$ cat run_8.txt   # compact mmCIF, N, CA and C atoms and all ligand atoms
# COMPACT_ATOMS: atom_id res chain seq x y z
N MET A 12 94.72 72.09 112.73
CA MET A 12 95.97 71.48 112.27
C MET A 12 97.15 72.36 112.68
N THR A 13 98.20 71.76 113.25
CA THR A 13 99.38 72.55 113.59
C THR A 13 100.30 72.65 112.37
N SER A 14 101.01 73.79 112.27
CA SER A 14 101.90 73.98 111.13
C SER A 14 103.15 73.15 111.32
N PRO A 15 103.67 72.56 110.24
CA PRO A 15 104.92 71.80 110.37
C PRO A 15 106.11 72.70 110.66
N THR A 16 106.96 72.26 111.57
CA THR A 16 108.24 72.93 111.82
C THR A 16 109.30 71.85 111.98
N ASP A 17 110.57 72.27 111.80
CA ASP A 17 111.69 71.35 111.95
C ASP A 17 112.68 72.02 112.90
N PRO A 18 112.89 71.46 114.08
CA PRO A 18 113.75 72.11 115.08
C PRO A 18 115.19 72.29 114.62
N ASP A 19 115.61 71.53 113.61
CA ASP A 19 116.99 71.64 113.13
C ASP A 19 117.12 72.56 111.91
N CYS A 20 116.01 73.19 111.49
CA CYS A 20 116.03 73.95 110.24
C CYS A 20 116.40 75.42 110.50
N LEU A 21 117.39 75.89 109.73
CA LEU A 21 117.86 77.28 109.85
C LEU A 21 116.73 78.28 109.64
N PHE A 22 115.92 78.09 108.60
CA PHE A 22 114.89 79.08 108.29
C PHE A 22 113.71 78.99 109.27
N CYS A 23 113.44 77.81 109.83
CA CYS A 23 112.45 77.73 110.92
C CYS A 23 112.94 78.57 112.10
N LYS A 24 114.24 78.50 112.37
CA LYS A 24 114.80 79.27 113.50
C LYS A 24 114.72 80.77 113.22
N ILE A 25 114.97 81.18 111.97
CA ILE A 25 114.84 82.61 111.62
C ILE A 25 113.37 83.03 111.76
N ALA A 26 112.45 82.20 111.27
CA ALA A 26 111.01 82.54 111.36
C ALA A 26 110.57 82.67 112.82
N ALA A 27 111.17 81.85 113.69
CA ALA A 27 110.80 81.89 115.12
C ALA A 27 111.51 83.02 115.86
N GLY A 28 112.48 83.69 115.20
CA GLY A 28 113.24 84.75 115.87
C GLY A 28 114.38 84.22 116.71
N ASP A 29 114.71 82.94 116.57
CA ASP A 29 115.80 82.34 117.37
C ASP A 29 117.17 82.61 116.76
N ILE A 30 117.21 82.92 115.46
CA ILE A 30 118.45 83.32 114.78
C ILE A 30 118.16 84.67 114.16
N PRO A 31 119.06 85.66 114.34
CA PRO A 31 118.77 87.00 113.83
C PRO A 31 118.82 87.07 112.30
N ALA A 32 117.99 87.94 111.76
CA ALA A 32 118.00 88.23 110.33
C ALA A 32 117.43 89.63 110.17
N THR A 33 117.76 90.26 109.03
CA THR A 33 117.22 91.59 108.76
C THR A 33 115.86 91.41 108.08
N ILE A 34 114.83 91.48 108.92
CA ILE A 34 113.46 91.25 108.44
C ILE A 34 112.98 92.50 107.70
N VAL A 35 112.42 92.31 106.51
CA VAL A 35 111.90 93.45 105.75
C VAL A 35 110.38 93.41 105.61
N HIS A 36 109.77 92.26 105.88
CA HIS A 36 108.31 92.14 105.69
C HIS A 36 107.84 90.91 106.47
N GLU A 37 106.65 91.01 107.05
CA GLU A 37 106.07 89.86 107.74
C GLU A 37 104.57 89.84 107.49
N SER A 38 104.02 88.65 107.44
CA SER A 38 102.56 88.48 107.43
C SER A 38 102.24 87.32 108.35
N GLU A 39 100.97 87.00 108.44
CA GLU A 39 100.56 85.90 109.32
C GLU A 39 101.23 84.59 108.91
N THR A 40 101.45 84.43 107.62
CA THR A 40 101.96 83.14 107.12
C THR A 40 103.37 83.21 106.55
N THR A 41 103.94 84.41 106.37
CA THR A 41 105.25 84.55 105.72
C THR A 41 106.18 85.46 106.49
N VAL A 42 107.48 85.28 106.26
CA VAL A 42 108.52 86.18 106.81
C VAL A 42 109.50 86.43 105.66
N ALA A 43 109.97 87.68 105.53
CA ALA A 43 110.94 88.01 104.48
C ALA A 43 112.13 88.72 105.11
N PHE A 44 113.32 88.34 104.67
CA PHE A 44 114.55 88.89 105.25
C PHE A 44 115.62 88.97 104.18
N ARG A 45 116.63 89.81 104.44
CA ARG A 45 117.71 90.00 103.44
C ARG A 45 118.63 88.78 103.42
N ASP A 46 119.01 88.39 102.19
CA ASP A 46 119.93 87.27 102.03
C ASP A 46 121.29 87.68 102.60
N LEU A 47 121.93 86.73 103.29
CA LEU A 47 123.25 86.97 103.90
C LEU A 47 124.31 87.21 102.83
N ASN A 48 124.13 86.68 101.66
CA ASN A 48 125.13 86.75 100.58
C ASN A 48 124.43 87.27 99.32
N PRO A 49 124.10 88.59 99.32
CA PRO A 49 123.22 89.11 98.27
C PRO A 49 123.83 89.05 96.88
N GLN A 50 123.01 88.68 95.91
CA GLN A 50 123.43 88.57 94.51
C GLN A 50 122.93 89.74 93.67
N ALA A 51 122.32 90.72 94.32
CA ALA A 51 121.80 91.92 93.64
C ALA A 51 121.59 92.97 94.74
N PRO A 52 121.45 94.26 94.34
CA PRO A 52 121.24 95.30 95.36
C PRO A 52 120.05 94.98 96.27
N THR A 53 118.98 94.46 95.71
CA THR A 53 117.91 93.89 96.54
C THR A 53 117.95 92.38 96.38
N HIS A 54 118.12 91.68 97.49
CA HIS A 54 118.04 90.21 97.48
C HIS A 54 117.38 89.80 98.79
N VAL A 55 116.10 89.52 98.67
CA VAL A 55 115.28 89.19 99.84
C VAL A 55 114.77 87.75 99.68
N LEU A 56 114.73 87.03 100.78
CA LEU A 56 114.17 85.68 100.79
C LEU A 56 112.82 85.73 101.49
N VAL A 57 111.79 85.23 100.83
CA VAL A 57 110.46 85.17 101.43
C VAL A 57 110.17 83.71 101.75
N ILE A 58 109.87 83.45 103.01
CA ILE A 58 109.66 82.06 103.44
C ILE A 58 108.28 81.90 104.08
N PRO A 59 107.71 80.71 103.98
CA PRO A 59 106.52 80.41 104.79
C PRO A 59 106.94 80.20 106.24
N ARG A 60 106.08 80.53 107.17
CA ARG A 60 106.39 80.22 108.58
C ARG A 60 106.43 78.72 108.81
N SER A 61 105.63 77.99 108.03
CA SER A 61 105.61 76.52 108.13
C SER A 61 106.80 75.93 107.40
N HIS A 62 107.23 74.78 107.89
CA HIS A 62 108.35 74.09 107.25
C HIS A 62 107.87 73.14 106.16
N TYR A 63 108.24 73.46 104.93
CA TYR A 63 108.12 72.53 103.80
C TYR A 63 109.47 72.54 103.11
N PRO A 64 109.96 71.38 102.64
CA PRO A 64 111.32 71.33 102.12
C PRO A 64 111.55 72.09 100.82
N ASN A 65 110.49 72.35 100.07
CA ASN A 65 110.66 73.12 98.83
C ASN A 65 109.32 73.71 98.41
N ALA A 66 109.35 74.49 97.32
CA ALA A 66 108.14 75.19 96.88
C ALA A 66 107.05 74.23 96.45
N ALA A 67 107.45 73.10 95.85
CA ALA A 67 106.45 72.15 95.35
C ALA A 67 105.65 71.54 96.50
N THR A 68 106.36 71.14 97.56
CA THR A 68 105.65 70.53 98.70
C THR A 68 104.83 71.57 99.46
N LEU A 69 105.31 72.83 99.47
CA LEU A 69 104.51 73.92 100.06
C LEU A 69 103.20 74.09 99.29
N ALA A 70 103.30 74.11 97.97
CA ALA A 70 102.11 74.32 97.14
C ALA A 70 101.09 73.21 97.36
N GLN A 71 101.58 72.01 97.60
CA GLN A 71 100.66 70.88 97.87
C GLN A 71 100.04 70.99 99.25
N GLY A 72 100.89 71.34 100.24
CA GLY A 72 100.44 71.31 101.63
C GLY A 72 99.67 72.54 102.05
N GLU A 73 100.11 73.72 101.57
CA GLU A 73 99.47 74.99 101.95
C GLU A 73 99.42 75.90 100.72
N PRO A 74 98.53 75.60 99.78
CA PRO A 74 98.50 76.40 98.55
C PRO A 74 98.25 77.89 98.80
N ALA A 75 97.46 78.22 99.80
CA ALA A 75 97.20 79.65 100.06
C ALA A 75 98.49 80.34 100.50
N THR A 76 99.28 79.65 101.33
CA THR A 76 100.54 80.25 101.79
C THR A 76 101.50 80.42 100.61
N ALA A 77 101.51 79.47 99.68
CA ALA A 77 102.36 79.62 98.49
C ALA A 77 101.98 80.91 97.76
N ALA A 78 100.71 81.17 97.63
CA ALA A 78 100.28 82.41 96.98
C ALA A 78 100.69 83.64 97.79
N HIS A 79 100.68 83.50 99.12
CA HIS A 79 101.08 84.64 99.96
C HIS A 79 102.54 85.03 99.73
N LEU A 80 103.39 84.06 99.36
CA LEU A 80 104.79 84.39 99.07
C LEU A 80 104.85 85.40 97.92
N PHE A 81 104.03 85.18 96.89
CA PHE A 81 104.04 86.09 95.73
C PHE A 81 103.50 87.46 96.11
N ASP A 82 102.49 87.47 96.97
CA ASP A 82 101.92 88.75 97.38
C ASP A 82 102.94 89.53 98.22
N ALA A 83 103.66 88.80 99.09
CA ALA A 83 104.71 89.45 99.88
C ALA A 83 105.78 90.02 98.94
N ALA A 84 106.15 89.26 97.91
CA ALA A 84 107.17 89.74 96.96
C ALA A 84 106.73 91.04 96.30
N ARG A 85 105.45 91.11 95.94
CA ARG A 85 104.93 92.34 95.33
C ARG A 85 105.07 93.52 96.29
N GLU A 86 104.75 93.30 97.55
CA GLU A 86 104.87 94.38 98.54
C GLU A 86 106.33 94.76 98.77
N ILE A 87 107.20 93.77 98.81
CA ILE A 87 108.63 94.03 99.01
C ILE A 87 109.19 94.82 97.82
N ALA A 88 108.82 94.45 96.62
CA ALA A 88 109.29 95.16 95.42
C ALA A 88 108.88 96.63 95.49
N ALA A 89 107.66 96.88 95.96
CA ALA A 89 107.21 98.27 96.11
C ALA A 89 108.01 98.99 97.18
N LEU A 90 108.23 98.32 98.32
CA LEU A 90 108.99 98.94 99.42
C LEU A 90 110.42 99.26 98.97
N GLU A 91 111.00 98.38 98.15
CA GLU A 91 112.39 98.53 97.72
C GLU A 91 112.51 99.45 96.50
N GLY A 92 111.37 99.80 95.90
CA GLY A 92 111.38 100.69 94.74
C GLY A 92 111.94 100.04 93.49
N ILE A 93 111.70 98.74 93.34
CA ILE A 93 112.22 98.03 92.16
C ILE A 93 111.08 97.57 91.24
N ASP A 94 109.90 98.16 91.43
CA ASP A 94 108.74 97.70 90.68
C ASP A 94 108.24 98.73 89.67
N GLY A 95 108.98 99.83 89.50
CA GLY A 95 108.53 100.91 88.62
C GLY A 95 108.62 100.51 87.16
N PRO A 96 108.21 101.43 86.26
CA PRO A 96 108.21 101.12 84.82
C PRO A 96 109.61 100.80 84.29
N ASP A 97 110.66 101.37 84.90
CA ASP A 97 112.02 101.08 84.46
C ASP A 97 112.67 99.99 85.32
N GLY A 98 111.92 99.47 86.27
CA GLY A 98 112.47 98.47 87.17
C GLY A 98 112.10 97.07 86.74
N GLY A 99 111.98 96.21 87.70
CA GLY A 99 111.68 94.81 87.44
C GLY A 99 112.47 93.97 88.41
N TYR A 100 111.95 92.81 88.69
CA TYR A 100 112.64 91.95 89.65
C TYR A 100 112.44 90.50 89.26
N ARG A 101 113.33 89.68 89.75
CA ARG A 101 113.29 88.25 89.43
C ARG A 101 112.87 87.47 90.67
N MET A 102 112.00 86.49 90.48
CA MET A 102 111.59 85.60 91.57
C MET A 102 112.07 84.19 91.22
N VAL A 103 112.75 83.56 92.16
CA VAL A 103 113.38 82.26 91.90
C VAL A 103 113.10 81.31 93.06
N PHE A 104 112.72 80.09 92.71
CA PHE A 104 112.69 78.98 93.68
C PHE A 104 113.70 77.94 93.20
N ASN A 105 114.86 77.87 93.80
CA ASN A 105 115.76 76.76 93.51
C ASN A 105 115.16 75.52 94.15
N THR A 106 115.00 74.47 93.36
CA THR A 106 114.31 73.27 93.86
C THR A 106 115.17 72.05 93.57
N GLY A 107 115.83 71.56 94.62
CA GLY A 107 116.72 70.41 94.48
C GLY A 107 118.17 70.84 94.40
N ALA A 108 119.05 69.94 94.83
CA ALA A 108 120.47 70.25 94.92
C ALA A 108 121.07 70.65 93.58
N ALA A 109 120.65 70.00 92.49
CA ALA A 109 121.21 70.31 91.17
C ALA A 109 120.81 71.71 90.70
N ALA A 110 119.75 72.25 91.28
CA ALA A 110 119.30 73.61 90.95
C ALA A 110 119.84 74.63 91.96
N HIS A 111 120.84 74.21 92.75
CA HIS A 111 121.47 75.05 93.78
C HIS A 111 120.55 75.37 94.94
N GLN A 112 119.67 74.44 95.30
CA GLN A 112 118.97 74.62 96.59
C GLN A 112 119.92 74.14 97.68
N THR A 113 120.17 75.01 98.64
CA THR A 113 121.09 74.68 99.74
C THR A 113 120.39 74.67 101.09
N VAL A 114 119.26 75.36 101.19
CA VAL A 114 118.48 75.37 102.44
C VAL A 114 117.13 74.72 102.11
N PHE A 115 116.82 73.65 102.83
CA PHE A 115 115.65 72.84 102.45
C PHE A 115 114.43 73.20 103.29
N HIS A 116 114.16 74.50 103.30
CA HIS A 116 112.90 75.11 103.77
C HIS A 116 112.51 76.03 102.62
N ALA A 117 111.32 75.84 102.08
CA ALA A 117 110.90 76.59 100.89
C ALA A 117 111.21 78.08 101.03
N HIS A 118 111.78 78.67 99.99
CA HIS A 118 112.04 80.12 100.01
C HIS A 118 112.02 80.67 98.61
N LEU A 119 111.45 81.86 98.51
CA LEU A 119 111.37 82.60 97.26
C LEU A 119 112.44 83.67 97.27
N HIS A 120 113.38 83.60 96.33
CA HIS A 120 114.36 84.68 96.17
C HIS A 120 113.68 85.81 95.39
N VAL A 121 113.81 87.04 95.90
CA VAL A 121 113.37 88.23 95.19
C VAL A 121 114.60 89.08 94.94
N LEU A 122 114.97 89.21 93.67
CA LEU A 122 116.22 89.89 93.29
C LEU A 122 115.89 91.07 92.39
N GLY A 123 116.54 92.21 92.65
CA GLY A 123 116.31 93.37 91.80
C GLY A 123 117.32 94.46 92.08
N GLY A 124 117.17 95.56 91.35
CA GLY A 124 118.08 96.69 91.53
C GLY A 124 119.26 96.66 90.56
N ARG A 125 119.29 95.68 89.69
CA ARG A 125 120.29 95.66 88.62
C ARG A 125 119.67 94.94 87.43
N LEU A 126 120.33 95.09 86.26
CA LEU A 126 119.85 94.37 85.08
C LEU A 126 120.14 92.89 85.25
N MET A 127 119.16 92.05 84.94
CA MET A 127 119.32 90.61 85.04
C MET A 127 119.65 90.04 83.66
N THR A 128 120.45 88.99 83.65
CA THR A 128 120.75 88.31 82.39
C THR A 128 119.93 87.04 82.29
N TRP A 129 119.80 86.54 81.08
CA TRP A 129 119.07 85.29 80.84
C TRP A 129 119.77 84.55 79.72
N PRO A 130 119.99 83.23 79.81
CA PRO A 130 119.57 82.37 80.90
C PRO A 130 120.46 82.51 82.12
N PRO A 131 119.94 82.17 83.30
CA PRO A 131 120.76 82.20 84.51
C PRO A 131 121.79 81.07 84.45
N GLY A 132 122.89 81.24 85.14
CA GLY A 132 123.95 80.24 85.12
C GLY A 132 123.60 79.01 85.94
P1 LIG B 201 119.24 78.41 98.01
O1 LIG B 201 120.65 78.21 97.48
O2 LIG B 201 118.81 77.27 98.92
O3 LIG B 201 118.23 78.66 96.92
O4 LIG B 201 119.24 79.74 98.85
C1 LIG B 201 119.60 79.80 100.19
C2 LIG B 201 119.97 81.23 100.45
O5 LIG B 201 120.03 81.41 101.86
C3 LIG B 201 121.36 81.62 99.91
O6 LIG B 201 121.21 82.68 98.98
C4 LIG B 201 122.15 82.01 101.14
O7 LIG B 201 122.98 83.12 100.92
C5 LIG B 201 121.05 82.32 102.14
N1 LIG B 201 121.42 82.07 103.54
C6 LIG B 201 122.04 80.95 104.02
N2 LIG B 201 122.18 81.03 105.35
C7 LIG B 201 121.62 82.22 105.72
C8 LIG B 201 121.45 82.88 106.99
O8 LIG B 201 121.83 82.38 108.05
N3 LIG B 201 120.85 84.10 106.98
C9 LIG B 201 120.42 84.68 105.81
N4 LIG B 201 119.83 85.88 105.93
N5 LIG B 201 120.55 84.09 104.62
C10 LIG B 201 121.15 82.87 104.57
ZN ZN B 202 112.15 74.97 108.23
$ encode --input "run_8.txt" --output "structure tokens"
Amino acid sequence: MTSPTDPDCLFCKIAAGDIPATIVHESETTVAFRDLNPQAPTHVLVIPRSHYPNAATLAQGEPATAAHLFDAAREIAALEGIDGPDGGYRMVFNTGAAAHQTVFHAHLHVLGGRLMTWPPG
């Protein structure tokens, strides 16, 4: 089976290396890069190489890859030093326009390096 891609998708282009990004982690199925408009000292986006419009459709289509996003986040948190006993990080999937999803290629936000508030705005 070939992996889905969308030639018009920004994050497919980043995954393919056609648009530059500051890559911090890669695996066979995932790519992670720094958010262009960071909301915390660490703000990394972890994406599947395959194109799925959101986390829910990714979990249906490639459940193993969905799990790989979390494993990548764990490695990134360690690399960034935000996983210690006094640290902690937030993982977010905005899903749908009303939840502030603006790029319709599944992506996991990994945010850390500052105190987080709850509930989010
Ligand atoms: P969303 O709002 O869809 O959950 O998150 C999309 C994220 O992608 C935003 O935080 C936005 O700053 C980031 N973003 C949008 N365009 C680019 C880009 O071209 N490069 C990078 N590195 N991040 C981007
Ligand atoms: Zn895509």
$ closest_residue --input "run_8.txt" --among "A:Val57, A:Val121, A:Leu47, A:Leu80" --to "Val103 of chain A" --atoms "all atoms listed in the file"
A:Val121
$ residues_near_ligand --input "run_8.txt" --ligand "ligand ZN 202 (chain B)" --cutoff "6.5 Å" --atoms "all atoms listed in the file" --output "PyMOL selection string"
chain A and resi 16-17+20-24+61-63+115-117
$ select_by_dssp --input "run_8.txt" --residues "segment 35-101 of chain A" --states "alpha helix (DSSP H)" --output "ChimeraX atom specification"
/A:66-72,74-91
$ closest_residue --input "run_8.txt" --among "A:Thr68, A:Ala77, A:Met127, A:Asp19" --to "Arg101 of chain A" --atoms "only N, CA and C atoms"
A:Met127
$ residues_near_ligand --input "run_8.txt" --ligand "ligand LIG 201 (chain B)" --cutoff "8 Å" --atoms "all atoms listed in the file" --output "ChimeraX atom specification"
/A:21-22,25,30-33,44-50,56,103-107,110-120
$ decode --input "run_8.txt" --residues "segment 59-132 of chain A" --atoms "C-alpha atoms" --output "PDB file, in the first residue's frame"
ATOM      1  CA  PRO A  59       3.187  11.588  10.136  1.00  0.00           C
ATOM      2  CA  ARG A  60       4.940  11.330   6.769  1.00  0.00           C
ATOM      3  CA  SER A  61       1.577  10.197   5.383  1.00  0.00           C
ATOM      4  CA  HIS A  62      -1.159  12.711   4.722  1.00  0.00           C
ATOM      5  CA  TYR A  63      -4.217  12.421   6.945  1.00  0.00           C
ATOM      6  CA  PRO A  64      -6.319  15.539   7.564  1.00  0.00           C
ATOM      7  CA  ASN A  65      -6.390  15.151  11.348  1.00  0.00           C
ATOM      8  CA  ALA A  66      -5.396  12.902  14.251  1.00  0.00           C
ATOM      9  CA  ALA A  67      -8.666  10.961  14.184  1.00  0.00           C
ATOM     10  CA  THR A  68      -8.328   9.915  10.543  1.00  0.00           C
ATOM     11  CA  LEU A  69      -4.641   9.080  11.136  1.00  0.00           C
ATOM     12  CA  ALA A  70      -5.585   6.809  14.042  1.00  0.00           C
ATOM     13  CA  GLN A  71      -8.080   5.013  11.804  1.00  0.00           C
ATOM     14  CA  GLY A  72      -5.806   4.727   8.782  1.00  0.00           C
ATOM     15  CA  GLU A  73      -2.404   4.117  10.413  1.00  0.00           C
ATOM     16  CA  PRO A  74      -2.829   3.383  14.125  1.00  0.00           C
ATOM     17  CA  ALA A  75       0.817   2.377  14.532  1.00  0.00           C
ATOM     18  CA  THR A  76       1.968   5.710  13.089  1.00  0.00           C
ATOM     19  CA  ALA A  77      -0.363   7.543  15.486  1.00  0.00           C
ATOM     20  CA  ALA A  78       1.434   5.797  18.344  1.00  0.00           C
ATOM     21  CA  HIS A  79       4.797   6.727  16.809  1.00  0.00           C
ATOM     22  CA  LEU A  80       3.867  10.421  17.188  1.00  0.00           C
ATOM     23  CA  PHE A  81       3.713   9.935  20.971  1.00  0.00           C
ATOM     24  CA  ASP A  82       6.981   8.045  21.026  1.00  0.00           C
ATOM     25  CA  ALA A  83       8.640  10.823  19.009  1.00  0.00           C
ATOM     26  CA  ALA A  84       7.247  13.378  21.487  1.00  0.00           C
ATOM     27  CA  ARG A  85       8.826  11.448  24.361  1.00  0.00           C
ATOM     28  CA  GLU A  86      12.208  11.502  22.607  1.00  0.00           C
ATOM     29  CA  ILE A  87      11.872  15.199  21.746  1.00  0.00           C
ATOM     30  CA  ALA A  88      10.994  16.066  25.357  1.00  0.00           C
ATOM     31  CA  ALA A  89      14.170  14.280  26.472  1.00  0.00           C
ATOM     32  CA  LEU A  90      16.280  16.032  23.805  1.00  0.00           C
ATOM     33  CA  GLU A  91      14.830  19.421  24.821  1.00  0.00           C
ATOM     34  CA  GLY A  92      15.269  18.714  28.540  1.00  0.00           C
ATOM     35  CA  ILE A  93      11.624  19.353  29.396  1.00  0.00           C
ATOM     36  CA  ASP A  94      10.844  15.901  30.764  1.00  0.00           C
ATOM     37  CA  GLY A  95      12.590  16.065  34.160  1.00  0.00           C
ATOM     38  CA  PRO A  96      10.888  15.881  37.567  1.00  0.00           C
ATOM     39  CA  ASP A  97      10.395  19.676  37.576  1.00  0.00           C
ATOM     40  CA  GLY A  98       9.475  19.788  33.902  1.00  0.00           C
ATOM     41  CA  GLY A  99       6.518  18.631  31.907  1.00  0.00           C
ATOM     42  CA  TYR A 100       5.092  19.239  28.502  1.00  0.00           C
ATOM     43  CA  ARG A 101       1.748  19.525  26.809  1.00  0.00           C
ATOM     44  CA  MET A 102       0.654  17.514  23.763  1.00  0.00           C
ATOM     45  CA  VAL A 103      -2.180  18.958  21.684  1.00  0.00           C
ATOM     46  CA  PHE A 104      -4.070  17.898  18.563  1.00  0.00           C
ATOM     47  CA  ASN A 105      -6.283  20.735  17.382  1.00  0.00           C
ATOM     48  CA  THR A 106      -9.014  18.938  15.452  1.00  0.00           C
ATOM     49  CA  GLY A 107     -11.344  21.036  13.314  1.00  0.00           C
ATOM     50  CA  ALA A 108     -11.520  24.738  12.577  1.00  0.00           C
ATOM     51  CA  ALA A 109     -13.409  25.584  15.793  1.00  0.00           C
ATOM     52  CA  ALA A 110     -10.540  24.016  17.759  1.00  0.00           C
ATOM     53  CA  HIS A 111      -8.030  26.234  15.873  1.00  0.00           C
ATOM     54  CA  GLN A 112      -6.818  23.632  13.420  1.00  0.00           C
ATOM     55  CA  THR A 113      -5.334  25.651  10.564  1.00  0.00           C
ATOM     56  CA  VAL A 114      -3.198  23.047   8.773  1.00  0.00           C
ATOM     57  CA  PHE A 115      -5.166  19.985   7.708  1.00  0.00           C
ATOM     58  CA  HIS A 116      -2.353  17.437   7.898  1.00  0.00           C
ATOM     59  CA  ALA A 117      -2.376  15.675  11.279  1.00  0.00           C
ATOM     60  CA  HIS A 118       0.139  17.185  13.706  1.00  0.00           C
ATOM     61  CA  LEU A 119       0.939  16.835  17.372  1.00  0.00           C
ATOM     62  CA  HIS A 120       1.972  20.049  19.127  1.00  0.00           C
ATOM     63  CA  VAL A 121       4.616  19.439  21.818  1.00  0.00           C
ATOM     64  CA  LEU A 122       4.886  22.495  24.069  1.00  0.00           C
ATOM     65  CA  GLY A 123       7.135  22.976  27.079  1.00  0.00           C
ATOM     66  CA  GLY A 124       9.727  25.074  28.836  1.00  0.00           C
ATOM     67  CA  ARG A 125       7.226  27.245  30.675  1.00  0.00           C
ATOM     68  CA  LEU A 126       4.365  26.778  33.119  1.00  0.00           C
ATOM     69  CA  MET A 127       1.138  25.879  31.330  1.00  0.00           C
ATOM     70  CA  THR A 128      -2.267  27.157  32.371  1.00  0.00           C
ATOM     71  CA  TRP A 129      -5.529  25.231  32.331  1.00  0.00           C
ATOM     72  CA  PRO A 130      -8.053  25.435  30.786  1.00  0.00           C
ATOM     73  CA  PRO A 131      -6.474  26.500  27.498  1.00  0.00           C
ATOM     74  CA  GLY A 132      -8.088  29.456  25.758  1.00  0.00           C
TER      75      GLY A 132
END
